[in-house]
>>> print(open('query_28.txt').read())   # compact mmCIF, C-alpha atoms
# COMPACT_ATOMS: atom_id res chain seq x y z
CA MET A 1 87.51 -38.60 250.28
CA ASP A 2 89.51 -35.61 249.06
CA LEU A 3 88.31 -33.42 246.21
CA ASN A 4 90.72 -32.09 243.63
CA LEU A 5 89.43 -28.54 243.44
CA PRO A 6 90.77 -25.90 241.02
CA SER A 7 92.29 -22.57 242.09
CA PRO A 8 89.60 -19.90 241.57
CA THR A 9 92.20 -17.12 241.37
CA GLN A 10 94.13 -18.84 238.58
CA ILE A 11 90.93 -19.38 236.61
CA ALA A 12 89.98 -15.73 237.14
CA VAL A 13 93.28 -14.22 235.92
CA PRO A 14 92.15 -13.76 232.28
CA ALA A 15 88.97 -12.07 233.54
CA PHE A 16 91.09 -9.80 235.77
CA ILE A 17 93.11 -8.68 232.75
CA VAL A 18 90.03 -8.07 230.61
CA LEU A 19 88.37 -6.06 233.40
CA ILE A 20 91.52 -3.97 233.93
CA LEU A 21 91.58 -3.19 230.18
CA LEU A 22 87.90 -2.25 230.26
CA GLU A 23 88.50 0.04 233.25
CA ILE A 24 91.44 1.70 231.48
CA PHE A 25 89.24 2.48 228.46
CA PHE A 26 86.44 3.60 230.78
CA VAL A 27 88.61 6.12 232.65
CA ARG A 28 90.41 7.54 229.61
CA THR A 29 87.69 10.12 229.04
CA ARG A 30 86.32 10.40 232.58
CA ASN A 31 89.23 10.34 235.02
CA ARG A 32 92.64 10.23 233.35
CA GLY A 33 94.39 10.32 236.72
CA ALA A 34 92.90 6.99 237.74
CA TYR A 35 95.75 5.09 236.09
CA GLU A 36 99.44 5.90 235.83
CA ALA A 37 101.91 3.69 233.98
CA ARG A 38 104.56 3.28 236.69
CA ASP A 39 101.94 2.73 239.37
CA THR A 40 100.17 0.11 237.24
CA LEU A 41 103.47 -1.62 236.47
CA THR A 42 104.37 -1.66 240.17
CA SER A 43 100.97 -3.04 241.19
CA LEU A 44 101.01 -5.80 238.58
CA LEU A 45 104.61 -6.80 239.24
CA LEU A 46 103.90 -6.91 242.97
CA GLY A 47 100.94 -9.15 242.13
CA THR A 48 103.16 -11.44 240.07
CA GLY A 49 105.70 -11.57 242.90
CA SER A 50 102.94 -12.40 245.35
CA THR A 51 101.86 -15.33 243.20
CA ILE A 52 105.43 -16.67 243.23
CA ALA A 53 105.73 -16.18 247.00
CA GLY A 54 102.36 -17.90 247.46
CA ALA A 55 103.40 -20.86 245.30
CA LEU A 56 106.60 -21.27 247.32
CA ALA A 57 104.71 -21.28 250.63
CA ALA A 58 101.67 -23.30 249.50
CA GLY A 59 103.12 -26.72 250.27
CA PHE A 60 104.03 -25.87 253.85
CA ILE A 61 100.67 -24.21 254.51
CA PHE A 62 98.75 -27.16 253.08
CA VAL A 63 100.74 -29.66 255.15
CA THR A 64 100.15 -27.59 258.31
CA ALA A 65 96.44 -27.32 257.50
CA THR A 66 96.21 -31.08 256.95
CA TRP A 67 98.01 -31.75 260.21
CA ILE A 68 95.56 -29.54 262.12
CA TYR A 69 92.65 -31.15 260.22
CA GLU A 70 93.75 -34.51 261.63
CA LEU A 71 92.92 -33.10 265.09
CA ARG A 72 89.45 -31.91 263.95
CA LEU A 73 86.54 -31.68 266.36
CA PHE A 74 83.84 -32.69 263.84
CA ASP A 75 83.70 -34.84 260.71
CA ILE A 76 82.08 -32.36 258.35
CA GLY A 77 83.55 -33.57 255.06
CA TYR A 78 82.12 -32.17 251.83
CA ALA A 79 78.46 -32.04 252.93
CA TRP A 80 76.42 -29.62 250.80
CA TRP A 81 75.59 -27.34 253.75
CA ALA A 82 79.25 -27.05 254.68
CA TRP A 83 80.03 -24.96 251.55
CA PRO A 84 77.92 -21.89 252.38
CA LEU A 85 78.77 -22.26 256.07
CA VAL A 86 82.51 -22.30 255.49
CA PHE A 87 82.16 -19.39 253.05
CA VAL A 88 80.67 -17.27 255.86
CA LEU A 89 83.09 -18.52 258.54
CA ASP A 90 86.08 -18.06 256.24
CA ASP A 91 84.96 -14.48 255.63
CA LEU A 92 84.78 -13.94 259.39
CA ALA A 93 88.31 -15.35 259.70
CA TYR A 94 89.33 -12.94 256.92
CA TYR A 95 87.82 -10.03 258.88
CA VAL A 96 89.82 -10.99 262.00
CA PHE A 97 92.99 -11.36 259.94
CA HIS A 98 92.43 -8.07 258.12
CA ARG A 99 91.70 -6.10 261.28
CA SER A 100 94.84 -7.54 262.88
CA ALA A 101 96.76 -6.67 259.71
CA HIS A 102 95.95 -3.01 260.34
CA ARG A 103 96.28 -2.96 264.12
CA VAL A 104 99.37 -5.10 264.78
CA ARG A 105 102.55 -3.81 263.15
CA TRP A 106 103.95 -7.31 262.55
CA PHE A 107 100.97 -8.19 260.34
CA TRP A 108 100.82 -4.66 258.91
CA ALA A 109 104.37 -5.04 257.63
CA ALA A 110 103.14 -7.81 255.33
CA HIS A 111 99.84 -6.15 254.42
CA VAL A 112 100.98 -2.53 253.83
CA ILE A 113 102.08 -3.44 250.30
CA HIS A 114 98.39 -3.67 249.32
CA HIS A 115 97.80 -0.10 250.53
CA SER A 116 100.99 1.41 249.17
CA SER A 117 99.46 2.72 245.92
CA GLN A 118 98.01 6.22 245.90
CA HIS A 119 95.70 5.09 243.11
CA TYR A 120 92.57 3.03 243.46
CA ASN A 121 91.81 0.91 240.46
CA LEU A 122 91.53 -2.76 239.55
CA SER A 123 95.30 -3.09 239.26
CA THR A 124 95.54 -2.07 242.94
CA ALA A 125 93.60 -5.22 243.82
CA LEU A 126 96.51 -7.31 242.52
CA ARG A 127 99.11 -5.47 244.64
CA GLN A 128 99.37 -8.32 247.14
CA THR A 129 101.78 -9.34 249.85
CA TRP A 130 105.14 -11.01 249.33
CA THR A 131 105.70 -11.69 253.02
CA GLY A 132 102.35 -12.99 254.23
CA PHE A 133 103.86 -16.42 254.88
CA PHE A 134 106.70 -14.92 256.91
CA ALA A 135 104.16 -12.93 258.95
CA ALA A 136 102.22 -16.18 259.56
CA SER A 137 98.99 -14.66 258.24
CA PHE A 138 97.79 -18.18 257.36
CA LEU A 139 97.26 -18.92 261.08
CA PHE A 140 93.96 -17.01 261.02
CA ARG A 141 92.35 -19.75 258.90
CA MET A 142 93.59 -22.61 261.04
CA PRO A 143 90.53 -22.71 263.36
CA LEU A 144 88.45 -23.75 260.34
CA PHE A 145 90.52 -26.92 259.94
CA LEU A 146 90.29 -27.60 263.65
CA ILE A 147 86.49 -27.35 263.44
CA GLY A 148 86.58 -29.97 260.69
CA PHE A 149 86.36 -28.28 257.29
CA PRO A 150 88.66 -30.06 254.81
CA PRO A 151 91.74 -28.01 253.74
CA ALA A 152 90.92 -28.36 250.01
CA MET A 153 87.44 -26.95 250.65
CA VAL A 154 88.71 -24.03 252.75
CA PHE A 155 91.43 -23.06 250.27
CA PHE A 156 88.92 -23.20 247.40
CA ILE A 157 86.50 -20.97 249.34
CA ALA A 158 89.35 -18.62 250.30
CA GLY A 159 90.13 -18.33 246.57
CA LEU A 160 86.52 -17.38 245.85
CA ASN A 161 86.72 -14.76 248.61
CA LEU A 162 89.82 -13.27 247.01
CA VAL A 163 88.21 -13.26 243.55
CA TYR A 164 85.19 -11.41 244.96
CA GLN A 165 87.46 -8.72 246.38
CA PHE A 166 88.93 -7.92 242.97
CA TRP A 167 86.00 -5.97 241.54
CA ILE A 168 85.56 -3.71 244.59
CA HIS A 169 88.88 -1.96 243.87
CA THR A 170 87.44 0.64 241.52
CA GLU A 171 86.20 4.20 241.35
CA ALA A 172 84.29 3.39 238.17
CA ILE A 173 81.32 2.14 240.21
CA GLY A 174 79.60 4.61 242.51
CA ARG A 175 77.17 2.82 244.76
CA MET A 176 75.34 -0.46 244.40
CA PRO A 177 71.62 -0.85 245.26
CA ARG A 178 70.92 -0.13 248.93
CA TRP A 179 70.08 -3.75 249.84
CA PHE A 180 73.40 -4.86 248.36
CA GLU A 181 75.40 -2.10 250.11
CA SER A 182 73.88 -3.08 253.44
CA VAL A 183 75.10 -6.68 253.34
CA MET A 184 77.97 -6.96 250.89
CA ASN A 185 81.37 -5.31 250.66
CA THR A 186 81.24 -2.91 247.71
CA PRO A 187 83.50 -0.45 245.86
CA SER A 188 82.08 2.35 248.05
CA HIS A 189 82.84 0.54 251.32
CA HIS A 190 86.27 -0.54 250.18
CA ARG A 191 87.26 2.92 248.90
CA VAL A 192 86.79 4.02 252.52
CA HIS A 193 89.08 1.22 253.65
CA HIS A 194 91.85 2.35 251.26
CA ALA A 195 91.50 6.02 252.23
CA ALA A 196 94.18 7.88 254.17
CA ASN A 197 91.76 10.65 255.21
CA PRO A 198 91.64 10.78 259.04
CA ARG A 199 87.87 10.20 259.15
CA TYR A 200 88.27 6.89 257.32
CA LEU A 201 91.39 5.41 258.96
CA ASP A 202 91.03 1.88 260.34
CA SER A 203 87.58 1.07 259.05
CA ASN A 204 85.76 -1.37 256.74
CA TYR A 205 87.94 -4.47 257.09
CA ALA A 206 85.37 -6.73 255.42
CA GLY A 207 86.22 -9.22 252.70
CA VAL A 208 82.86 -10.20 251.20
CA PHE A 209 80.24 -9.32 253.84
CA ILE A 210 80.25 -5.79 255.29
CA ILE A 211 78.10 -7.06 258.15
CA TRP A 212 81.24 -7.91 260.19
CA ASP A 213 82.21 -4.24 260.32
CA LYS A 214 78.69 -3.29 261.32
CA MET A 215 78.66 -5.99 264.02
CA PHE A 216 82.07 -5.14 265.47
CA GLY A 217 81.89 -1.33 265.24
CA THR A 218 84.40 -0.68 262.47
CA PHE A 219 81.99 0.39 259.72
CA GLU A 220 82.34 3.85 258.20
CA PRO A 221 80.14 4.91 255.27
CA GLU A 222 81.57 6.84 252.32
CA THR A 223 80.60 10.50 252.31
CA ASN A 224 80.23 12.65 249.22
CA ASP A 225 81.56 15.69 251.10
CA GLU A 226 85.22 14.76 251.09
CA GLN A 227 87.48 13.62 248.29
CA ILE A 228 89.28 10.41 249.14
CA ARG A 229 93.07 10.34 249.25
CA TYR A 230 94.28 6.79 248.77
CA GLY A 231 97.37 5.13 250.14
CA ILE A 232 99.07 5.21 253.50
CA VAL A 233 99.56 7.98 256.04
CA LYS A 234 103.21 8.40 255.08
CA GLN A 235 103.16 7.92 251.30
CA LEU A 236 106.16 6.04 249.94
CA GLY A 237 106.91 8.53 247.17
CA SER A 238 108.73 5.75 245.33
CA PHE A 239 107.84 3.12 242.72
CA ASN A 240 110.64 0.82 243.88
CA LEU A 241 109.19 -2.72 244.05
CA LEU A 242 111.47 -3.98 246.80
CA TRP A 243 110.88 -0.88 248.92
CA ALA A 244 107.10 -1.31 248.58
CA ALA A 245 107.39 -4.97 249.60
CA PHE A 246 109.82 -4.63 252.48
CA HIS A 247 109.87 -1.03 253.79
CA GLU A 248 107.85 -1.72 256.94
CA TRP A 249 110.00 -4.72 257.81
CA VAL A 250 113.06 -2.47 257.48
CA GLY A 251 111.32 0.08 259.71
CA ILE A 252 110.56 -2.56 262.36
CA ALA A 253 114.15 -3.79 262.34
CA LYS A 254 115.52 -0.25 262.75
CA ASP A 255 113.06 0.59 265.53
CA MET A 256 113.76 -2.64 267.42
CA TRP A 257 117.49 -2.09 267.09
CA SER A 258 117.32 1.39 268.58
CA ALA A 259 114.57 0.79 271.20
CA PRO A 260 115.91 1.25 274.73
CA THR A 261 114.27 -1.73 276.48
CA TRP A 262 113.14 -5.26 275.60
CA GLY A 263 109.56 -4.25 276.34
CA ASN A 264 109.79 -1.44 273.80
CA LYS A 265 111.38 -3.78 271.26
CA LEU A 266 108.41 -6.12 271.62
CA ASN A 267 105.97 -3.23 271.38
CA TYR A 268 107.43 -2.26 268.00
CA LEU A 269 106.19 -5.67 266.81
CA ILE A 270 102.79 -5.91 268.43
CA ARG A 271 101.55 -2.32 268.85
CA PRO A 272 99.65 -0.53 266.07
CA PRO A 273 101.58 1.03 263.17
CA GLY A 274 102.89 4.48 264.14
CA TRP A 275 103.41 3.59 267.79
CA SER A 276 106.74 4.75 269.19
CA HIS A 277 108.26 4.37 272.65
CA ASP A 278 108.72 8.14 273.05
CA GLY A 279 105.37 9.11 271.55
CA SER A 280 107.07 11.06 268.77
CA ARG A 281 105.04 9.51 265.94
CA ASP A 282 101.39 9.43 264.99
CA THR A 283 99.14 6.40 265.21
CA SER A 284 95.78 6.39 263.47
CA GLU A 285 94.18 7.24 266.83
CA THR A 286 96.25 10.40 267.29
CA ILE A 287 95.61 11.45 263.68
CA LYS A 288 91.87 10.90 264.06
CA LYS A 289 91.79 12.76 267.38
CA ARG A 290 93.69 15.73 265.93
CA TRP A 291 91.29 15.80 262.98
CA ARG A 292 88.20 15.60 265.25
CA ASP A 293 89.55 18.39 267.47
CA ALA A 294 90.17 20.56 264.39
CA GLU A 295 86.67 19.86 263.07
CA MET A 296 85.14 20.75 266.45
CA ALA A 297 87.20 23.92 266.61
CA LYS A 298 85.95 24.87 263.13
CA THR A 299 82.37 24.17 264.16
CA SER A 300 82.61 26.15 267.39
CA SER A 301 84.37 29.09 265.69
CA GLY A 302 81.63 28.98 263.05
CA CYS A 303 79.04 29.16 265.84
CA ALA A 304 80.92 31.99 267.52
CA GLN A 305 81.06 33.93 264.25
CA ASN A 306 77.35 33.44 263.76
CA LEU A 307 76.44 34.58 267.29
CA PRO A 308 77.11 38.32 266.83
CA ASN A 309 75.13 38.24 263.60
CA ARG A 310 72.18 36.75 265.37
CA ARG A 311 72.48 39.34 268.10
CA ASN A 312 72.73 42.07 265.48
CA ASN A 313 69.72 40.68 263.70
CA ARG A 314 67.76 40.77 266.91
CA SER A 315 68.81 44.32 267.68
CA THR A 316 67.81 45.63 264.27
CA MET B 1 105.14 -25.10 241.80
CA MET B 2 104.48 -22.42 239.25
CA ASP B 3 104.61 -23.22 235.54
CA PRO B 4 107.38 -21.09 233.91
CA LEU B 5 105.14 -20.56 230.88
CA ILE B 6 102.42 -19.06 233.10
CA LEU B 7 105.03 -16.79 234.66
CA ILE B 8 106.32 -15.62 231.26
CA GLY B 9 102.74 -15.07 230.08
CA SER B 10 101.92 -13.08 233.23
CA LEU B 11 104.97 -10.85 232.85
CA THR B 12 104.15 -10.24 229.17
CA ALA B 13 100.58 -9.27 230.08
CA VAL B 14 101.85 -6.99 232.89
CA LEU B 15 104.22 -5.16 230.55
CA ALA B 16 101.55 -4.87 227.85
CA VAL B 17 99.00 -3.32 230.23
CA ALA B 18 101.55 -0.86 231.67
CA ALA B 19 102.67 0.06 228.13
CA LEU B 20 99.05 0.68 227.14
CA VAL B 21 98.59 3.07 230.09
CA HIS B 22 101.86 4.80 229.14
CA PHE B 23 100.95 5.27 225.47
CA MET B 24 97.48 6.52 226.38
CA LYS B 25 99.26 9.21 228.42
CA LEU B 26 97.07 8.57 231.45
CA GLY B 27 98.03 9.91 234.85
CA GLU B 28 99.41 13.35 234.08
CA THR B 29 99.04 15.96 236.78
CA ALA B 30 100.63 19.10 238.19
CA ILE B 31 100.56 21.37 241.24
CA GLU B 32 98.28 24.11 239.98
CA SER B 33 98.98 26.95 242.38
CA GLU B 34 100.36 27.97 245.75
CA THR B 35 96.93 27.41 247.28
CA HIS B 36 96.86 23.90 245.81
CA ALA B 37 100.31 23.13 247.27
CA MET B 38 99.25 24.44 250.68
CA ARG B 39 96.07 22.37 250.63
CA LEU B 40 98.01 19.24 249.65
CA ALA B 41 100.40 19.71 252.58
CA GLU B 42 97.61 20.33 255.07
CA ASP B 43 95.51 17.40 253.85
CA ASN B 44 98.36 14.92 253.86
CA LEU B 45 100.46 15.93 256.84
CA SER B 46 98.51 15.60 260.06
CA GLY B 47 98.72 18.77 262.17
CA PHE B 48 100.49 20.80 259.48
CA THR B 49 99.17 24.35 259.03
CA ALA B 50 100.37 26.00 255.82
CA GLU B 51 101.30 29.68 255.64
CA ALA B 52 102.89 30.11 252.23
CA ALA B 53 104.13 28.08 249.27
CA ILE B 54 106.59 28.28 246.42
CA VAL B 55 105.65 26.17 243.39
CA SER B 56 108.01 24.98 240.69
CA GLN B 57 107.21 26.44 237.25
CA ASP B 58 106.68 22.96 235.82
CA GLY B 59 104.17 22.13 238.59
CA LYS B 60 106.13 19.03 239.61
CA ALA B 61 107.15 20.17 243.08
CA ALA B 62 106.55 22.74 245.77
CA ILE B 63 107.84 23.85 249.13
CA VAL B 64 105.28 24.82 251.73
CA ARG B 65 106.10 26.82 254.81
CA GLY B 66 103.98 26.06 257.83
CA THR B 67 103.39 27.64 261.20
CA GLY B 68 105.97 27.07 263.91
CA ASN B 69 108.97 27.03 261.58
CA THR B 70 107.91 23.89 259.74
CA VAL B 71 108.46 23.15 256.06
CA ALA B 72 106.91 20.52 253.78
CA LEU B 73 108.27 19.23 250.50
CA VAL B 74 105.62 18.30 247.95
CA LYS B 75 106.48 16.33 244.84
CA ARG B 76 104.51 14.85 242.02
CA HIS B 77 104.41 11.08 242.34
CA GLY B 78 102.79 9.52 239.29
CA ALA B 79 99.33 11.02 239.02
CA GLN B 80 99.36 11.89 242.72
CA PHE B 81 101.52 13.82 245.14
CA ALA B 82 103.78 12.70 247.94
CA MET B 83 105.08 14.90 250.70
CA ARG B 84 107.35 15.05 253.70
CA GLU B 85 107.67 17.46 256.57
CA VAL B 86 111.37 18.27 256.78
CA LYS B 87 113.50 19.82 259.44
CA LEU B 88 115.17 23.19 259.03
CA PRO B 89 117.70 24.12 257.84
CA LEU B 90 116.91 22.89 254.33
CA ILE B 91 119.73 21.37 252.32
CA LEU B 92 119.61 23.31 249.05
CA LYS B 93 121.66 22.94 245.90
CA GLN B 94 121.54 25.18 242.85
CA ASP B 95 122.00 23.51 239.46
CA GLY B 96 121.55 26.09 236.75
CA LYS B 97 117.97 27.29 237.05
CA ALA B 98 116.96 24.29 239.16
CA THR B 99 116.85 24.44 242.94
CA ILE B 100 117.32 20.98 244.44
CA VAL B 101 116.12 20.26 247.97
CA ASP B 102 117.15 17.10 249.76
CA SER B 103 114.41 15.43 251.80
CA GLY B 104 117.03 13.67 253.90
CA GLU B 105 115.27 10.39 253.11
CA LYS B 106 116.99 8.17 250.56
CA ARG B 107 113.86 6.57 249.08
CA PHE B 108 111.83 9.79 248.93
CA GLY B 109 114.78 11.44 247.28
CA ARG B 110 115.36 15.04 246.29
CA VAL B 111 112.81 17.55 245.09
CA THR B 112 113.73 19.70 242.11
CA LEU B 113 112.11 23.08 241.59
CA SER B 114 112.41 25.30 238.57
CA LEU B 115 112.03 28.80 240.03
CA PRO B 116 112.21 32.36 238.74
CA LYS B 117 114.82 34.47 240.53
CA GLN B 118 112.43 36.22 242.92
CA HIS B 119 111.02 32.87 244.12
CA ALA B 120 114.50 31.38 244.49
CA ASP B 121 115.49 34.40 246.56
CA LYS B 122 112.31 34.07 248.62
CA LEU B 123 113.12 30.42 249.30
CA LEU B 124 116.52 31.43 250.65
CA THR B 125 114.79 33.50 253.33
CA TRP B 126 112.93 30.37 254.50
CA VAL B 127 116.00 28.21 254.85
>>> encode(input="query_28.txt", output="structure tokens")
Amino acid sequence: MDLNLPSPTQIAVPAFIVLILLEIFFVRTRNRGAYEARDTLTSLLLGTGSTIAGALAAGFIFVTATWIYELRLFDIGYAWWAWPLVFVLDDLAYYVFHRSAHRVRWFWAAHVIHHSSQHYNLSTALRQTWTGFFAASFLFRMPLFLIGFPPAMVFFIAGLNLVYQFWIHTEAIGRMPRWFESVMNTPSHHRVHHAANPRYLDSNYAGVFIIWDKMFGTFEPETNDEQIRYGIVKQLGSFNLLWAAFHEWVGIAKDMWSAPTWGNKLNYLIRPPGWSHDGSRDTSETIKKRWRDAEMAKTSSGCAQNLPNRRNNRST
Amino acid sequence: MMDPLILIGSLTAVLAVAALVHFMKLGETAIESETHAMRLAEDNLSGFTAEAAIVSQDGKAAIVRGTGNTVALVKRHGAQFAMREVKLPLILKQDGKATIVDSGEKRFGRVTLSLPKQHADKLLTWV
């Protein structure tokens, strides 16, 4: 039996547009910098391009998924309990994919497009990859087919996961109730993920459930003490669609071309973004370390400044 | 495959939303002061320590001098700011009252500052 399931993302598109319009009217009196015309146009056109790229690759991905499903370990079918189970497992697969997409430059090259806006609003949610198929991002879901979940079921659930992630791309919502924040991915958690501030780099990879970050040590809560700067470490400074979609691939090609050894060429593909064979660039680790050292220096100089005062106080 | 009508409808909606944002004049911003420019450079460029800044009169760009002979270009990018640390000597061009500084990066482009004479002269001492 094979179910003919609809595409949740296609059904949700009108709701996406209505919610974007509502957010625009919401921010017009509260935070007029939340939207900017060229940024919005870029995000939405990148989203449209992603839909086209996805449609072109869908056939191949579905055939591959079906082929792997033929080798399945269990006959799960469309049992009622399989739906919530695959929802959770698919979200775990998303976490693994997403973490890899930030830690392996090959996958980052496809994913960076989603982080290339310096704004954080609902239109940013639609700024999606054009090259995910080329980067083979779909491989992360393949274990689900091997376990025995039908491809139609998994792709439907993956669509629901993507729809959930739309509403968390906003500054219009502060924090959700504590019980919700502790289990679910929320605007607060995902703002942290989109931040370029050193303290927030490489954290909160969750799709729907934030529990994965808490389990695997990548959770970072949002603090009220520091204003978030969105985007990437080296901001593009350009609204060019093609540059947003392909700049990291161009960077990889240039680096591989000029790398002195085959080992270094490979490392430019598999090491984290920012890695360089001569150590001349910053990775998120070096940026975080520099920031931590600076914070510690501030704290210790603050202590040192306070010491004489305390001594003076004692002597008086 | 994708229905061409859906594609046309999507593009129409995209243009309509972007036009709405444009006509509502959302996303306007400016570099407010030298201190603001210095803070932007320090916050966005890891390890950069700002010493002084020269800000364009229109608030659209700034040049920040850092410790150790470093210089950062700051430019308005939509409602935000983008910046690059550039190597000295700076490549400057004067076009009337505008001072144009090349970032050396094609996609980042050039930064144009509208400066009074004393600031333009000061910039020349940084080059």
>>> residues_around(input="query_28.txt", residues="Ile157 of chain A", least_positions_apart="2", cutoff="10 Å", atoms="all atoms listed in the file", output="list in words")
Ser7, Pro8, Trp83, Pro84, Val86, Phe87, Val88, Asp90, Asp91, Pro151, Ala152, Met153, Val154, Phe155, Gly159, Leu160, Asn161, Leu162 and Val163 of chain A
>>> residues_around(input="query_28.txt", residues="Arg105 of chain A", least_positions_apart="2", cutoff="8 Å", atoms="all atoms listed in the file", output="ChimeraX atom specification")
/A:101-103,107-109,268-273
>>> atom_distance(input="query_28.txt", atom1="atom CA of Gln94 of chain B", atom2="atom CA of Arg65 of chain B")
19.6 Å
>>> residues_around(input="query_28.txt", residues="Asn121 of chain A", least_positions_apart="4", cutoff="12 Å", atoms="all atoms listed in the file", output="PDB file with C-alpha atoms, keeping the file's coordinate frame")
ATOM      1  CA  PHE A  16      91.090  -9.800 235.770  1.00  0.00           C
ATOM      2  CA  LEU A  19      88.370  -6.060 233.400  1.00  0.00           C
ATOM      3  CA  ILE A  20      91.520  -3.970 233.930  1.00  0.00           C
ATOM      4  CA  LEU A  21      91.580  -3.190 230.180  1.00  0.00           C
ATOM      5  CA  LEU A  22      87.900  -2.250 230.260  1.00  0.00           C
ATOM      6  CA  GLU A  23      88.500   0.040 233.250  1.00  0.00           C
ATOM      7  CA  ILE A  24      91.440   1.700 231.480  1.00  0.00           C
ATOM      8  CA  PHE A  26      86.440   3.600 230.780  1.00  0.00           C
ATOM      9  CA  VAL A  27      88.610   6.120 232.650  1.00  0.00           C
ATOM     10  CA  ASN A  31      89.230  10.340 235.020  1.00  0.00           C
ATOM     11  CA  ARG A  32      92.640  10.230 233.350  1.00  0.00           C
ATOM     12  CA  GLY A  33      94.390  10.320 236.720  1.00  0.00           C
ATOM     13  CA  ALA A  34      92.900   6.990 237.740  1.00  0.00           C
ATOM     14  CA  TYR A  35      95.750   5.090 236.090  1.00  0.00           C
ATOM     15  CA  GLU A  36      99.440   5.900 235.830  1.00  0.00           C
ATOM     16  CA  ASP A  39     101.940   2.730 239.370  1.00  0.00           C
ATOM     17  CA  THR A  40     100.170   0.110 237.240  1.00  0.00           C
ATOM     18  CA  SER A  43     100.970  -3.040 241.190  1.00  0.00           C
ATOM     19  CA  LEU A  44     101.010  -5.800 238.580  1.00  0.00           C
ATOM     20  CA  HIS A 114      98.390  -3.670 249.320  1.00  0.00           C
ATOM     21  CA  HIS A 115      97.800  -0.100 250.530  1.00  0.00           C
ATOM     22  CA  SER A 117      99.460   2.720 245.920  1.00  0.00           C
ATOM     23  CA  ALA A 125      93.600  -5.220 243.820  1.00  0.00           C
ATOM     24  CA  LEU A 126      96.510  -7.310 242.520  1.00  0.00           C
ATOM     25  CA  ARG A 127      99.110  -5.470 244.640  1.00  0.00           C
ATOM     26  CA  PHE A 166      88.930  -7.920 242.970  1.00  0.00           C
ATOM     27  CA  TRP A 167      86.000  -5.970 241.540  1.00  0.00           C
ATOM     28  CA  ILE A 168      85.560  -3.710 244.590  1.00  0.00           C
ATOM     29  CA  HIS A 169      88.880  -1.960 243.870  1.00  0.00           C
ATOM     30  CA  THR A 170      87.440   0.640 241.520  1.00  0.00           C
ATOM     31  CA  GLU A 171      86.200   4.200 241.350  1.00  0.00           C
ATOM     32  CA  ALA A 172      84.290   3.390 238.170  1.00  0.00           C
ATOM     33  CA  ILE A 173      81.320   2.140 240.210  1.00  0.00           C
ATOM     34  CA  PRO A 187      83.500  -0.450 245.860  1.00  0.00           C
ATOM     35  CA  HIS A 190      86.270  -0.540 250.180  1.00  0.00           C
ATOM     36  CA  ARG A 191      87.260   2.920 248.900  1.00  0.00           C
ATOM     37  CA  HIS A 194      91.850   2.350 251.260  1.00  0.00           C
ATOM     38  CA  TYR A 230      94.280   6.790 248.770  1.00  0.00           C
ATOM     39  CA  GLY A 231      97.370   5.130 250.140  1.00  0.00           C
TER      40      GLY A 231
END
>>> closest_residue(input="query_28.txt", among="B:Gln80, B:Thr49, B:Thr67, B:Ser33", to="chain A", atoms="all atoms listed in the file")
B:Gln80
>>> atom_distance(input="query_28.txt", atom1="atom CA of Ala82 of chain A", atom2="atom CA of Phe133 of chain A")
26.8 Å
>>> residues_around(input="query_28.txt", residues="Glu42 of chain B", least_positions_apart="4", cutoff="12 Å", atoms="only C-alpha atoms", output="number ranges by chain")
A: 197-198, 291, 294; B: 35-38, 46-53, 64-67, 70-74, 83-85
>>> atom_distance(input="query_28.txt", atom1="atom CA of Met184 of chain A", atom2="atom CA of Ser284 of chain A")
25.6 Å
>>> residues_near_point(input="query_28.txt", point="(106.8, 26.9, 240.7)", cutoff="12 Å", atoms="all atoms listed in the file", output="CSV table (one decimal) with C-alpha atoms, keeping the file's coordinate frame")
chain,number,residue,atom,x,y,z
B,30,ALA,CA,100.6,19.1,238.2
B,31,ILE,CA,100.6,21.4,241.2
B,32,GLU,CA,98.3,24.1,240.0
B,33,SER,CA,99.0,27.0,242.4
B,34,GLU,CA,100.4,28.0,245.8
B,35,THR,CA,96.9,27.4,247.3
B,36,HIS,CA,96.9,23.9,245.8
B,37,ALA,CA,100.3,23.1,247.3
B,53,ALA,CA,104.1,28.1,249.3
B,54,ILE,CA,106.6,28.3,246.4
B,55,VAL,CA,105.6,26.2,243.4
B,56,SER,CA,108.0,25.0,240.7
B,57,GLN,CA,107.2,26.4,237.2
B,58,ASP,CA,106.7,23.0,235.8
B,59,GLY,CA,104.2,22.1,238.6
B,60,LYS,CA,106.1,19.0,239.6
B,61,ALA,CA,107.2,20.2,243.1
B,62,ALA,CA,106.6,22.7,245.8
B,63,ILE,CA,107.8,23.8,249.1
B,64,VAL,CA,105.3,24.8,251.7
B,74,VAL,CA,105.6,18.3,248.0
B,75,LYS,CA,106.5,16.3,244.8
B,97,LYS,CA,118.0,27.3,237.0
B,98,ALA,CA,117.0,24.3,239.2
B,99,THR,CA,116.8,24.4,242.9
B,111,VAL,CA,112.8,17.6,245.1
B,112,THR,CA,113.7,19.7,242.1
B,113,LEU,CA,112.1,23.1,241.6
B,114,SER,CA,112.4,25.3,238.6
B,115,LEU,CA,112.0,28.8,240.0
B,116,PRO,CA,112.2,32.4,238.7
B,117,LYS,CA,114.8,34.5,240.5
B,118,GLN,CA,112.4,36.2,242.9
B,119,HIS,CA,111.0,32.9,244.1
B,120,ALA,CA,114.5,31.4,244.5
B,123,LEU,CA,113.1,30.4,249.3
>>> residues_near_point(input="query_28.txt", point="(106.2, -0.1, 251.6)", cutoff="6 Å", atoms="only C-alpha atoms", output="JSON, numbers by chain")
{"A": [113, 116, 243, 244, 245, 246, 247, 248]}
>>> closest_residue(input="query_28.txt", among="A:Ile11, A:Ile252, A:Ile210, A:Ala195", to="Ser182 of chain A", atoms="all atoms listed in the file")
A:Ile210
